[in-house]
>>> print(open('run_4.cif').read())   # mmCIF, C-alpha atoms, pLDDT in the B column; chains and numbers go by the auth columns
data_input
loop_
_atom_site.group_PDB
_atom_site.id
_atom_site.type_symbol
_atom_site.label_atom_id
_atom_site.label_comp_id
_atom_site.label_asym_id
_atom_site.label_seq_id
_atom_site.Cartn_x
_atom_site.Cartn_y
_atom_site.Cartn_z
_atom_site.B_iso_or_equiv
_atom_site.auth_seq_id
_atom_site.auth_asym_id
ATOM 1 C CA MET A 1 -76.975 320.638 161.442 86.00 1 R
ATOM 2 C CA GLU A 2 -78.052 317.588 159.449 89.00 2 R
ATOM 3 C CA LYS A 3 -76.154 316.000 156.571 92.00 3 R
ATOM 4 C CA THR A 4 -78.413 314.081 154.196 92.00 4 R
ATOM 5 C CA LEU A 5 -77.205 312.063 151.212 93.00 5 R
ATOM 6 C CA PHE A 6 -79.403 311.488 148.154 94.00 6 R
ATOM 7 C CA GLU A 7 -78.921 309.352 145.088 93.00 7 R
ATOM 8 C CA ILE A 8 -80.293 311.042 141.941 92.00 8 R
ATOM 9 C CA GLN A 9 -80.024 308.588 139.058 89.00 9 R
ATOM 10 C CA LYS A 10 -80.957 311.020 136.245 84.00 10 R
ATOM 11 C CA MET A 11 -78.566 313.794 137.329 82.00 11 R
ATOM 12 C CA ASP A 12 -75.877 313.664 134.655 74.00 12 R
ATOM 13 C CA CYS A 13 -74.986 317.264 133.715 67.00 13 R
ATOM 14 C CA PRO A 14 -74.935 320.861 135.039 63.00 14 R
ATOM 15 C CA SER A 15 -78.518 321.437 133.805 64.00 15 R
ATOM 16 C CA GLU A 16 -79.868 319.018 136.415 76.00 16 R
ATOM 17 C CA GLU A 17 -77.641 320.623 139.041 75.00 17 R
ATOM 18 C CA GLN A 18 -79.158 324.055 138.364 69.00 18 R
ATOM 19 C CA LEU A 19 -82.640 322.536 138.293 76.00 19 R
ATOM 20 C CA ILE A 20 -82.104 321.058 141.755 84.00 20 R
ATOM 21 C CA ARG A 21 -80.533 324.247 143.135 79.00 21 R
ATOM 22 C CA MET A 22 -83.492 326.337 142.019 75.00 22 R
ATOM 23 C CA LYS A 23 -86.030 323.814 143.295 80.00 23 R
ATOM 24 C CA LEU A 24 -84.394 323.724 146.743 84.00 24 R
ATOM 25 C CA ASN A 25 -84.038 327.515 146.819 76.00 25 R
ATOM 26 C CA GLN A 26 -87.392 327.661 148.629 77.00 26 R
ATOM 27 C CA TYR A 27 -85.775 326.254 151.778 83.00 27 R
ATOM 28 C CA GLN A 28 -84.093 328.971 153.842 80.00 28 R
ATOM 29 C CA ASN A 29 -82.365 326.531 156.200 84.00 29 R
ATOM 30 C CA ILE A 30 -80.378 324.646 153.591 86.00 30 R
ATOM 31 C CA LYS A 31 -76.798 325.726 154.261 83.00 31 R
ATOM 32 C CA HIS A 32 -74.927 324.001 151.441 84.00 32 R
ATOM 33 C CA LEU A 33 -75.411 321.619 148.491 85.00 33 R
ATOM 34 C CA ASP A 34 -72.541 319.322 147.517 85.00 34 R
ATOM 35 C CA PHE A 35 -73.049 317.762 144.054 83.00 35 R
ATOM 36 C CA ASP A 36 -71.251 314.636 142.875 83.00 36 R
ATOM 37 C CA ILE A 37 -72.608 314.413 139.321 76.00 37 R
ATOM 38 C CA PRO A 38 -70.377 311.559 138.052 76.00 38 R
ATOM 39 C CA ASN A 39 -71.654 309.337 140.888 85.00 39 R
ATOM 40 C CA ARG A 40 -75.226 310.773 140.818 88.00 40 R
ATOM 41 C CA ARG A 41 -75.052 311.858 144.465 90.00 41 R
ATOM 42 C CA LEU A 42 -76.197 315.011 146.290 92.00 42 R
ATOM 43 C CA THR A 43 -75.288 315.850 149.884 91.00 43 R
ATOM 44 C CA VAL A 44 -77.502 318.436 151.586 91.00 44 R
ATOM 45 C CA PHE A 45 -76.367 320.275 154.727 90.00 45 R
ATOM 46 C CA HIS A 46 -79.460 321.676 156.383 89.00 46 R
ATOM 47 C CA ASN A 47 -81.695 322.379 159.356 88.00 47 R
ATOM 48 C CA GLU A 48 -84.835 321.448 157.441 82.00 48 R
ATOM 49 C CA ASN A 49 -87.060 318.400 157.558 87.00 49 R
ATOM 50 C CA LYS A 50 -85.290 315.766 155.459 89.00 50 R
ATOM 51 C CA GLU A 51 -88.596 314.234 154.309 90.00 51 R
ATOM 52 C CA ALA A 52 -89.711 317.605 152.938 90.00 52 R
ATOM 53 C CA ILE A 53 -86.458 317.919 150.969 92.00 53 R
ATOM 54 C CA ALA A 54 -86.814 314.341 149.725 92.00 54 R
ATOM 55 C CA ASN A 55 -90.380 315.021 148.529 91.00 55 R
ATOM 56 C CA THR A 56 -89.267 318.195 146.750 89.00 56 R
ATOM 57 C CA LEU A 57 -86.529 316.302 144.915 90.00 57 R
ATOM 58 C CA TYR A 58 -89.012 313.553 144.024 89.00 58 R
ATOM 59 C CA GLU A 59 -91.199 316.162 142.275 85.00 59 R
ATOM 60 C CA LEU A 60 -88.397 316.729 139.751 84.00 60 R
ATOM 61 C CA LYS A 61 -88.788 313.137 138.486 84.00 61 R
ATOM 62 C CA LEU A 62 -85.040 312.551 138.404 86.00 62 R
ATOM 63 C CA SER A 63 -85.284 309.196 140.238 89.00 63 R
ATOM 64 C CA SER A 64 -84.088 310.500 143.594 91.00 64 R
ATOM 65 C CA LYS A 65 -83.692 308.388 146.721 91.00 65 R
ATOM 66 C CA LEU A 66 -82.669 309.249 150.284 93.00 66 R
ATOM 67 C CA ILE A 67 -79.556 307.214 151.156 93.00 67 R
ATOM 68 C CA SER A 68 -78.478 308.377 154.618 92.00 68 R
ATOM 69 C CA ASN A 69 -78.910 311.073 157.243 91.00 69 R
ATOM 70 C CA GLU A 70 -76.757 312.112 160.189 90.00 70 R
ATOM 71 C CA THR A 71 -76.384 314.998 162.615 89.00 71 R
ATOM 72 C CA ILE A 72 -73.105 316.927 162.439 88.00 72 R
ATOM 73 C CA ALA A 73 -71.573 319.991 164.038 84.00 73 R
ATOM 74 C CA ASN A 74 -72.372 323.347 162.413 77.00 74 R
ATOM 75 C CA THR A 75 -70.018 324.128 159.535 74.00 75 R
ATOM 76 C CA GLU A 76 -69.289 327.375 157.707 66.00 76 R
ATOM 77 C CA PHE A 77 -69.381 327.263 153.920 62.00 77 R
ATOM 78 C CA GLU A 78 -67.654 329.917 151.815 54.00 78 R
ATOM 79 C CA THR A 79 -68.255 330.941 148.217 52.00 79 R
ATOM 80 C CA ASN A 80 -65.149 330.698 146.090 50.00 80 R
ATOM 81 C CA ASN A 81 -64.993 333.904 144.030 57.00 81 R
ATOM 82 C CA ASN A 82 -62.116 332.501 141.986 60.00 82 R
ATOM 83 C CA GLN A 83 -64.376 329.713 140.782 61.00 83 R
ATOM 84 C CA LYS A 84 -66.996 332.266 139.743 69.00 84 R
ATOM 85 C CA LYS A 85 -64.372 334.122 137.707 74.00 85 R
ATOM 86 C CA LEU A 86 -63.296 330.829 136.155 72.00 86 R
ATOM 87 C CA LEU A 87 -66.837 329.927 135.139 70.00 87 R
ATOM 88 C CA TRP A 88 -67.345 333.439 133.753 80.00 88 R
ATOM 89 C CA SER A 89 -64.251 332.910 131.576 81.00 89 R
ATOM 90 C CA VAL A 90 -65.616 329.603 130.273 77.00 90 R
ATOM 91 C CA LEU A 91 -68.998 331.226 129.595 81.00 91 R
ATOM 92 C CA VAL A 92 -67.433 334.070 127.572 86.00 92 R
ATOM 93 C CA ILE A 93 -65.318 331.658 125.494 84.00 93 R
ATOM 94 C CA ASN A 94 -68.396 329.542 124.707 82.00 94 R
ATOM 95 C CA PHE A 95 -70.495 332.555 123.725 87.00 95 R
ATOM 96 C CA VAL A 96 -67.789 334.053 121.497 89.00 96 R
ATOM 97 C CA PHE A 97 -67.472 330.744 119.649 86.00 97 R
ATOM 98 C CA PHE A 98 -71.261 330.501 119.342 88.00 98 R
ATOM 99 C CA ILE A 99 -71.162 333.758 117.346 91.00 99 R
ATOM 100 C CA LEU A 100 -68.090 332.688 115.338 90.00 100 R
ATOM 101 C CA GLU A 101 -69.405 329.233 114.440 88.00 101 R
ATOM 102 C CA MET A 102 -72.912 330.477 113.644 88.00 102 R
ATOM 103 C CA THR A 103 -71.531 333.156 111.312 90.00 103 R
ATOM 104 C CA THR A 104 -69.032 330.910 109.532 89.00 104 R
ATOM 105 C CA GLY A 105 -71.537 328.034 109.448 86.00 105 R
ATOM 106 C CA ILE A 106 -73.983 330.193 107.490 86.00 106 R
ATOM 107 C CA ILE A 107 -71.244 331.494 105.177 88.00 107 R
ATOM 108 C CA SER A 108 -69.772 328.040 104.520 84.00 108 R
ATOM 109 C CA LYS A 109 -73.242 326.373 104.289 84.00 109 R
ATOM 110 C CA SER A 110 -72.258 323.871 106.993 86.00 110 R
ATOM 111 C CA MET A 111 -75.055 322.603 109.254 83.00 111 R
ATOM 112 C CA GLY A 112 -72.423 320.880 111.378 85.00 112 R
ATOM 113 C CA LEU A 113 -70.894 324.240 112.305 86.00 113 R
ATOM 114 C CA VAL A 114 -74.324 325.815 112.866 84.00 114 R
ATOM 115 C CA ALA A 115 -75.370 322.950 115.127 82.00 115 R
ATOM 116 C CA ASP A 116 -72.079 323.072 117.027 83.00 116 R
ATOM 117 C CA SER A 117 -72.578 326.815 117.545 84.00 117 R
ATOM 118 C CA LEU A 118 -75.941 326.091 119.193 79.00 118 R
ATOM 119 C CA ASP A 119 -74.242 323.538 121.429 77.00 119 R
ATOM 120 C CA MET A 120 -71.835 326.302 122.496 81.00 120 R
ATOM 121 C CA LEU A 121 -74.860 328.532 123.140 79.00 121 R
ATOM 122 C CA ALA A 122 -76.421 325.786 125.266 74.00 122 R
ATOM 123 C CA ASP A 123 -73.278 325.687 127.414 73.00 123 R
ATOM 124 C CA SER A 124 -73.411 329.477 127.764 76.00 124 R
ATOM 125 C CA PHE A 125 -77.038 329.264 128.912 72.00 125 R
ATOM 126 C CA VAL A 126 -76.219 326.672 131.559 67.00 126 R
ATOM 127 C CA TYR A 127 -73.435 328.810 133.016 68.00 127 R
ATOM 128 C CA GLY A 128 -75.298 332.081 132.485 70.00 128 R
ATOM 129 C CA ILE A 129 -78.467 330.997 134.264 63.00 129 R
ATOM 130 C CA SER A 130 -76.532 330.395 137.449 57.00 130 R
ATOM 131 C CA LEU A 131 -74.023 333.264 137.162 64.00 131 R
ATOM 132 C CA LEU A 132 -76.081 336.134 135.715 58.00 132 R
ATOM 133 C CA ALA A 133 -78.820 335.584 138.267 49.00 133 R
ATOM 134 C CA VAL A 134 -76.547 335.324 141.314 49.00 134 R
ATOM 135 C CA GLY A 135 -78.278 337.112 144.132 50.00 135 R
ATOM 136 C CA GLY A 136 -81.479 337.368 142.128 51.00 136 R
ATOM 137 C CA THR A 137 -84.896 336.086 143.080 53.00 137 R
ATOM 138 C CA LEU A 138 -86.182 332.622 142.237 55.00 138 R
ATOM 139 C CA THR A 139 -88.735 334.226 139.899 62.00 139 R
ATOM 140 C CA LYS A 140 -85.957 336.005 138.003 62.00 140 R
ATOM 141 C CA LYS A 141 -83.976 332.802 137.605 61.00 141 R
ATOM 142 C CA LYS A 142 -87.036 330.930 136.322 67.00 142 R
ATOM 143 C CA ARG A 143 -87.813 333.700 133.832 71.00 143 R
ATOM 144 C CA ILE A 144 -84.260 333.610 132.462 68.00 144 R
ATOM 145 C CA ALA A 145 -84.348 329.812 132.196 68.00 145 R
ATOM 146 C CA THR A 146 -87.701 329.809 130.382 76.00 146 R
ATOM 147 C CA LEU A 147 -86.638 332.435 127.839 75.00 147 R
ATOM 148 C CA ALA A 148 -83.298 330.689 127.246 71.00 148 R
ATOM 149 C CA GLY A 149 -84.931 327.274 126.829 76.00 149 R
ATOM 150 C CA TRP A 150 -87.590 328.391 124.332 84.00 150 R
ATOM 151 C CA PHE A 151 -85.071 330.433 122.354 79.00 151 R
ATOM 152 C CA GLN A 152 -82.803 327.395 122.090 76.00 152 R
ATOM 153 C CA ILE A 153 -85.718 325.166 121.017 84.00 153 R
ATOM 154 C CA LEU A 154 -86.673 327.695 118.326 84.00 154 R
ATOM 155 C CA LEU A 155 -83.141 327.680 116.937 78.00 155 R
ATOM 156 C CA ALA A 156 -82.965 323.864 117.053 80.00 156 R
ATOM 157 C CA VAL A 157 -86.288 323.515 115.177 86.00 157 R
ATOM 158 C CA ILE A 158 -85.143 325.997 112.510 82.00 158 R
ATOM 159 C CA GLY A 159 -81.967 323.923 112.218 80.00 159 R
ATOM 160 C CA PHE A 160 -83.932 320.670 111.744 82.00 160 R
ATOM 161 C CA VAL A 161 -86.077 322.257 109.019 84.00 161 R
ATOM 162 C CA GLU A 162 -82.978 323.527 107.221 81.00 162 R
ATOM 163 C CA VAL A 163 -81.358 320.078 107.421 82.00 163 R
ATOM 164 C CA LEU A 164 -84.452 318.517 105.803 83.00 164 R
ATOM 165 C CA ARG A 165 -84.493 321.159 103.064 82.00 165 R
ATOM 166 C CA ARG A 166 -80.845 320.588 102.256 81.00 166 R
ATOM 167 C CA PHE A 167 -81.268 316.807 102.356 80.00 167 R
ATOM 168 C CA PHE A 168 -83.887 316.805 99.583 80.00 168 R
ATOM 169 C CA ASP A 169 -82.603 319.764 97.529 76.00 169 R
ATOM 170 C CA GLN A 170 -79.518 319.937 95.387 70.00 170 R
ATOM 171 C CA GLU A 171 -77.478 322.160 97.705 68.00 171 R
ATOM 172 C CA LYS A 172 -73.966 323.442 97.134 75.00 172 R
ATOM 173 C CA LEU A 173 -71.375 321.454 99.082 81.00 173 R
ATOM 174 C CA PRO A 174 -70.228 323.002 102.372 84.00 174 R
ATOM 175 C CA ASP A 175 -66.813 324.659 102.406 86.00 175 R
ATOM 176 C CA PHE A 176 -64.906 321.785 104.002 84.00 176 R
ATOM 177 C CA LYS A 177 -61.781 323.903 104.543 88.00 177 R
ATOM 178 C CA MET A 178 -63.678 326.491 106.570 88.00 178 R
ATOM 179 C CA MET A 179 -65.408 323.684 108.507 87.00 179 R
ATOM 180 C CA ILE A 180 -62.048 322.212 109.476 90.00 180 R
ATOM 181 C CA ILE A 181 -60.430 325.550 110.370 91.00 181 R
ATOM 182 C CA ILE A 182 -63.311 326.799 112.545 89.00 182 R
ATOM 183 C CA SER A 183 -63.814 323.402 114.197 88.00 183 R
ATOM 184 C CA LEU A 184 -60.116 323.255 115.003 91.00 184 R
ATOM 185 C CA LEU A 185 -60.340 326.725 116.575 90.00 185 R
ATOM 186 C CA ALA A 186 -63.405 325.637 118.562 87.00 186 R
ATOM 187 C CA LEU A 187 -61.588 322.473 119.636 89.00 187 R
ATOM 188 C CA ILE A 188 -58.635 324.594 120.824 90.00 188 R
ATOM 189 C CA ALA A 189 -61.039 326.905 122.688 86.00 189 R
ATOM 190 C CA ASN A 190 -62.693 323.958 124.427 83.00 190 R
ATOM 191 C CA ALA A 191 -59.273 322.490 125.217 88.00 191 R
ATOM 192 C CA ILE A 192 -58.333 325.812 126.849 86.00 192 R
ATOM 193 C CA CYS A 193 -61.569 325.733 128.854 79.00 193 R
ATOM 194 C CA LEU A 194 -60.799 322.179 129.952 80.00 194 R
ATOM 195 C CA TYR A 195 -57.253 323.216 130.916 82.00 195 R
ATOM 196 C CA LEU A 196 -58.548 326.166 132.968 77.00 196 R
ATOM 197 C CA LEU A 197 -61.022 323.906 134.746 72.00 197 R
ATOM 198 C CA GLN A 198 -58.375 321.249 135.417 74.00 198 R
ATOM 199 C CA LYS A 199 -55.904 323.746 136.895 72.00 199 R
ATOM 200 C CA SER A 200 -58.595 325.216 139.150 64.00 200 R
ATOM 201 C CA LYS A 201 -57.991 324.717 142.859 55.00 201 R
ATOM 202 C CA GLY A 202 -61.548 323.440 143.079 54.00 202 R
ATOM 203 C CA LYS A 203 -61.144 320.868 140.312 53.00 203 R
ATOM 204 C CA ASN A 204 -62.178 318.066 142.653 55.00 204 R
ATOM 205 C CA GLU A 205 -65.458 319.768 143.516 53.00 205 R
ATOM 206 C CA ALA A 206 -68.577 318.376 141.889 50.00 206 R
ATOM 207 C CA HIS A 207 -69.695 321.366 139.828 51.00 207 R
ATOM 208 C CA ILE A 208 -66.204 321.866 138.386 57.00 208 R
ATOM 209 C CA LYS A 209 -66.026 318.164 137.531 59.00 209 R
ATOM 210 C CA ALA A 210 -69.413 318.479 135.837 54.00 210 R
ATOM 211 C CA SER A 211 -68.158 321.426 133.780 60.00 211 R
ATOM 212 C CA MET A 212 -65.125 319.359 132.760 66.00 212 R
ATOM 213 C CA ILE A 213 -67.401 316.542 131.561 63.00 213 R
ATOM 214 C CA PHE A 214 -69.519 319.065 129.648 63.00 214 R
ATOM 215 C CA THR A 215 -66.448 320.561 127.948 71.00 215 R
ATOM 216 C CA SER A 216 -65.020 317.113 127.125 74.00 216 R
ATOM 217 C CA ASN A 217 -68.275 316.301 125.298 71.00 217 R
ATOM 218 C CA ASP A 218 -67.890 319.526 123.312 78.00 218 R
ATOM 219 C CA ILE A 219 -64.434 318.417 122.189 84.00 219 R
ATOM 220 C CA ILE A 220 -65.926 315.153 120.891 82.00 220 R
ATOM 221 C CA ILE A 221 -68.501 317.164 118.896 81.00 221 R
ATOM 222 C CA ASN A 222 -65.735 319.364 117.436 85.00 222 R
ATOM 223 C CA ILE A 223 -63.905 316.241 116.272 88.00 223 R
ATOM 224 C CA GLY A 224 -67.174 314.952 114.777 85.00 224 R
ATOM 225 C CA VAL A 225 -67.540 318.116 112.674 86.00 225 R
ATOM 226 C CA ILE A 226 -63.937 317.774 111.457 89.00 226 R
ATOM 227 C CA VAL A 227 -64.604 314.146 110.441 89.00 227 R
ATOM 228 C CA ALA A 228 -67.764 315.310 108.637 88.00 228 R
ATOM 229 C CA ALA A 229 -65.743 317.957 106.760 87.00 229 R
ATOM 230 C CA VAL A 230 -63.213 315.378 105.561 90.00 230 R
ATOM 231 C CA SER A 231 -66.076 313.057 104.552 89.00 231 R
ATOM 232 C CA VAL A 232 -67.777 315.849 102.582 86.00 232 R
ATOM 233 C CA GLN A 233 -64.640 316.291 100.478 86.00 233 R
ATOM 234 C CA TRP A 234 -63.931 312.585 100.160 91.00 234 R
ATOM 235 C CA LEU A 235 -67.489 311.526 99.197 87.00 235 R
ATOM 236 C CA ASN A 236 -68.321 314.742 97.316 87.00 236 R
ATOM 237 C CA SER A 237 -71.607 314.861 99.261 85.00 237 R
ATOM 238 C CA ASN A 238 -73.161 317.116 101.887 85.00 238 R
ATOM 239 C CA LYS A 239 -74.769 314.136 103.662 85.00 239 R
ATOM 240 C CA PRO A 240 -72.009 313.670 106.302 87.00 240 R
ATOM 241 C CA ASP A 241 -72.392 317.339 107.289 88.00 241 R
ATOM 242 C CA LEU A 242 -76.186 316.969 107.540 86.00 242 R
ATOM 243 C CA ILE A 243 -75.896 313.777 109.613 88.00 243 R
ATOM 244 C CA VAL A 244 -73.517 315.365 112.122 85.00 244 R
ATOM 245 C CA GLY A 245 -75.677 318.498 112.203 84.00 245 R
ATOM 246 C CA THR A 246 -78.779 316.414 112.950 86.00 246 R
ATOM 247 C CA ILE A 247 -77.061 314.558 115.808 85.00 247 R
ATOM 248 C CA VAL A 248 -75.881 317.803 117.406 80.00 248 R
ATOM 249 C CA PHE A 249 -79.304 319.459 116.925 82.00 249 R
ATOM 250 C CA ILE A 250 -80.852 316.544 118.841 85.00 250 R
ATOM 251 C CA LEU A 251 -78.372 317.101 121.683 78.00 251 R
ATOM 252 C CA VAL A 252 -79.164 320.836 121.637 75.00 252 R
ATOM 253 C CA PHE A 253 -82.917 320.121 121.746 82.00 253 R
ATOM 254 C CA GLN A 254 -82.487 317.776 124.711 78.00 254 R
ATOM 255 C CA GLY A 255 -80.414 320.433 126.474 72.00 255 R
ATOM 256 C CA ALA A 256 -83.168 322.997 125.848 75.00 256 R
ATOM 257 C CA LEU A 257 -85.752 320.725 127.483 78.00 257 R
ATOM 258 C CA ARG A 258 -83.496 320.454 130.530 71.00 258 R
ATOM 259 C CA ILE A 259 -83.159 324.236 130.673 67.00 259 R
ATOM 260 C CA LEU A 260 -86.944 324.643 130.428 74.00 260 R
ATOM 261 C CA LYS A 261 -87.282 322.453 133.531 69.00 261 R
ATOM 262 C CA LEU A 262 -85.457 325.199 135.401 60.00 262 R
ATOM 263 C CA GLY A 263 -88.296 327.589 134.627 60.00 263 R
ATOM 264 C CA LYS A 264 -91.037 325.401 136.076 63.00 264 R
#
>>> encode(input="run_4.cif", output="structure tokens")
Amino acid sequence: MEKTLFEIQKMDCPSEEQLIRMKLNQYQNIKHLDFDIPNRRLTVFHNENKEAIANTLYELKLSSKLISNETIANTEFETNNNQKKLLWSVLVINFVFFILEMTTGIISKSMGLVADSLDMLADSFVYGISLLAVGGTLTKKKRIATLAGWFQILLAVIGFVEVLRRFFDQEKLPDFKMMIIISLLALIANAICLYLLQKSKGKNEAHIKASMIFTSNDIIINIGVIVAAVSVQWLNSNKPDLIVGTIVFILVFQGALRILKLGK
């Protein structure tokens, strides 16, 4: 068996990991992929031609480079079912809070909450694409990714249009109390997700580390919505809510483009 190390400079979140997994799915003699997202490294254990793998990674335009290659003894790799259950738990929590934040965001007229709900949905898509399609064909995975990506883009565009409408119209101020309460609940939910990931036996593995980074970013967004809520009340203006909503919508849109790459 060969062990080949690649540097992938633009691999910075689970979306790129899934993109790479699906792209390399065409090779039957790849035994295992070990992702180190924080350090932008991928180790491939395989019996394939390393140049062919390198060319396939290059096609993704993620600035990949072959670092090293060596021959090793055959190794058995096992799937950790406990990690799958853990990621399912994180997915469910994210999806439940997508529904909660979307509903309360509409009721309270807060674009920050609506945008944050779409960020939760983006996380659910990233986990769902890999988990719901386990054992499925490459075509099935690509179809799911394409539908998820376009749906997320549609929601993000609708969000941008609504932000512009509210920016120029005299709109009722968002309910800052509801913004704070729901954002605090979402922050607690993300903190629970982070705790579950940190206590996982596989917490030092790359994909779990990546999920921890993803969830930590969500906590920062939750805090941003809370700050926006306080600013709405303090300044008697909906502009802080619209600014935070716009920033999060941009992040959601970028995430959707990454998901769409999975469907190519």
>>> atom_distance(input="run_4.cif", atom1="atom CA of Phe97 of chain R", atom2="atom CA of Met120 of chain R")
6.8 Å
>>> atom_distance(input="run_4.cif", atom1="atom CA of Ala228 of chain R", atom2="atom CA of Ser108 of chain R")
13.5 Å
>>> closest_residue(input="run_4.cif", among="R:Leu164, R:Val44, R:Leu33, R:Ile182", to="Glu101 of chain R", atoms="all atoms listed in the file")
R:Ile182
>>> closest_residue(input="run_4.cif", among="R:Thr215, R:Ser124, R:Asn190, R:Asn238", to="Asp175 of chain R", atoms="only C-alpha atoms")
R:Asn238
>>> atom_distance(input="run_4.cif", atom1="atom CA of Leu242 of chain R", atom2="atom CA of Thr146 of chain R")
28.6 Å
>>> resolve_selection(input="run_4.cif", expression="the PyMOL selection byres ((chain R and resi 180) around 8)", output="JSON, numbers by chain")
{"R": [176, 177, 178, 179, 181, 182, 183, 184, 225, 226, 229, 230]}
>>> write_last_selection(input="run_4.cif", atoms="C-alpha atoms", output="short mmCIF file (atom, residue, chain, number, x, y, z; two decimals), in the coordinates of the input")
data_model
loop_
_atom_site.label_atom_id
_atom_site.label_comp_id
_atom_site.auth_asym_id
_atom_site.auth_seq_id
_atom_site.Cartn_x
_atom_site.Cartn_y
_atom_site.Cartn_z
CA PHE R 176 -64.91 321.79 104.00
CA LYS R 177 -61.78 323.90 104.54
CA MET R 178 -63.68 326.49 106.57
CA MET R 179 -65.41 323.68 108.51
CA ILE R 181 -60.43 325.55 110.37
CA ILE R 182 -63.31 326.80 112.54
CA SER R 183 -63.81 323.40 114.20
CA LEU R 184 -60.12 323.26 115.00
CA VAL R 225 -67.54 318.12 112.67
CA ILE R 226 -63.94 317.77 111.46
CA ALA R 229 -65.74 317.96 106.76
CA VAL R 230 -63.21 315.38 105.56
#
>>> resolve_selection(input="run_4.cif", expression="the PyMOL selection byres ((chain R and resi 117-119) around 7)", output="PDB file with C-alpha atoms, in the frame of the given file")
ATOM      1  CA  PHE R  97     -67.472 330.744 119.649  1.00 86.00           C
ATOM      2  CA  PHE R  98     -71.261 330.501 119.342  1.00 88.00           C
ATOM      3  CA  GLU R 101     -69.405 329.233 114.440  1.00 88.00           C
ATOM      4  CA  MET R 102     -72.912 330.477 113.644  1.00 88.00           C
ATOM      5  CA  LEU R 113     -70.894 324.240 112.305  1.00 86.00           C
ATOM      6  CA  VAL R 114     -74.324 325.815 112.866  1.00 84.00           C
ATOM      7  CA  ALA R 115     -75.370 322.950 115.127  1.00 82.00           C
ATOM      8  CA  ASP R 116     -72.079 323.072 117.027  1.00 83.00           C
ATOM      9  CA  MET R 120     -71.835 326.302 122.496  1.00 81.00           C
ATOM     10  CA  LEU R 121     -74.860 328.532 123.140  1.00 79.00           C
ATOM     11  CA  ALA R 122     -76.421 325.786 125.266  1.00 74.00           C
ATOM     12  CA  ASP R 123     -73.278 325.687 127.414  1.00 73.00           C
ATOM     13  CA  VAL R 252     -79.164 320.836 121.637  1.00 75.00           C
TER      14      VAL R 252
END
>>> closest_residue(input="run_4.cif", among="R:Gln198, R:Val161, R:Ala186, R:Arg258", to="Thr246 of chain R", atoms="all atoms listed in the file")
R:Val161
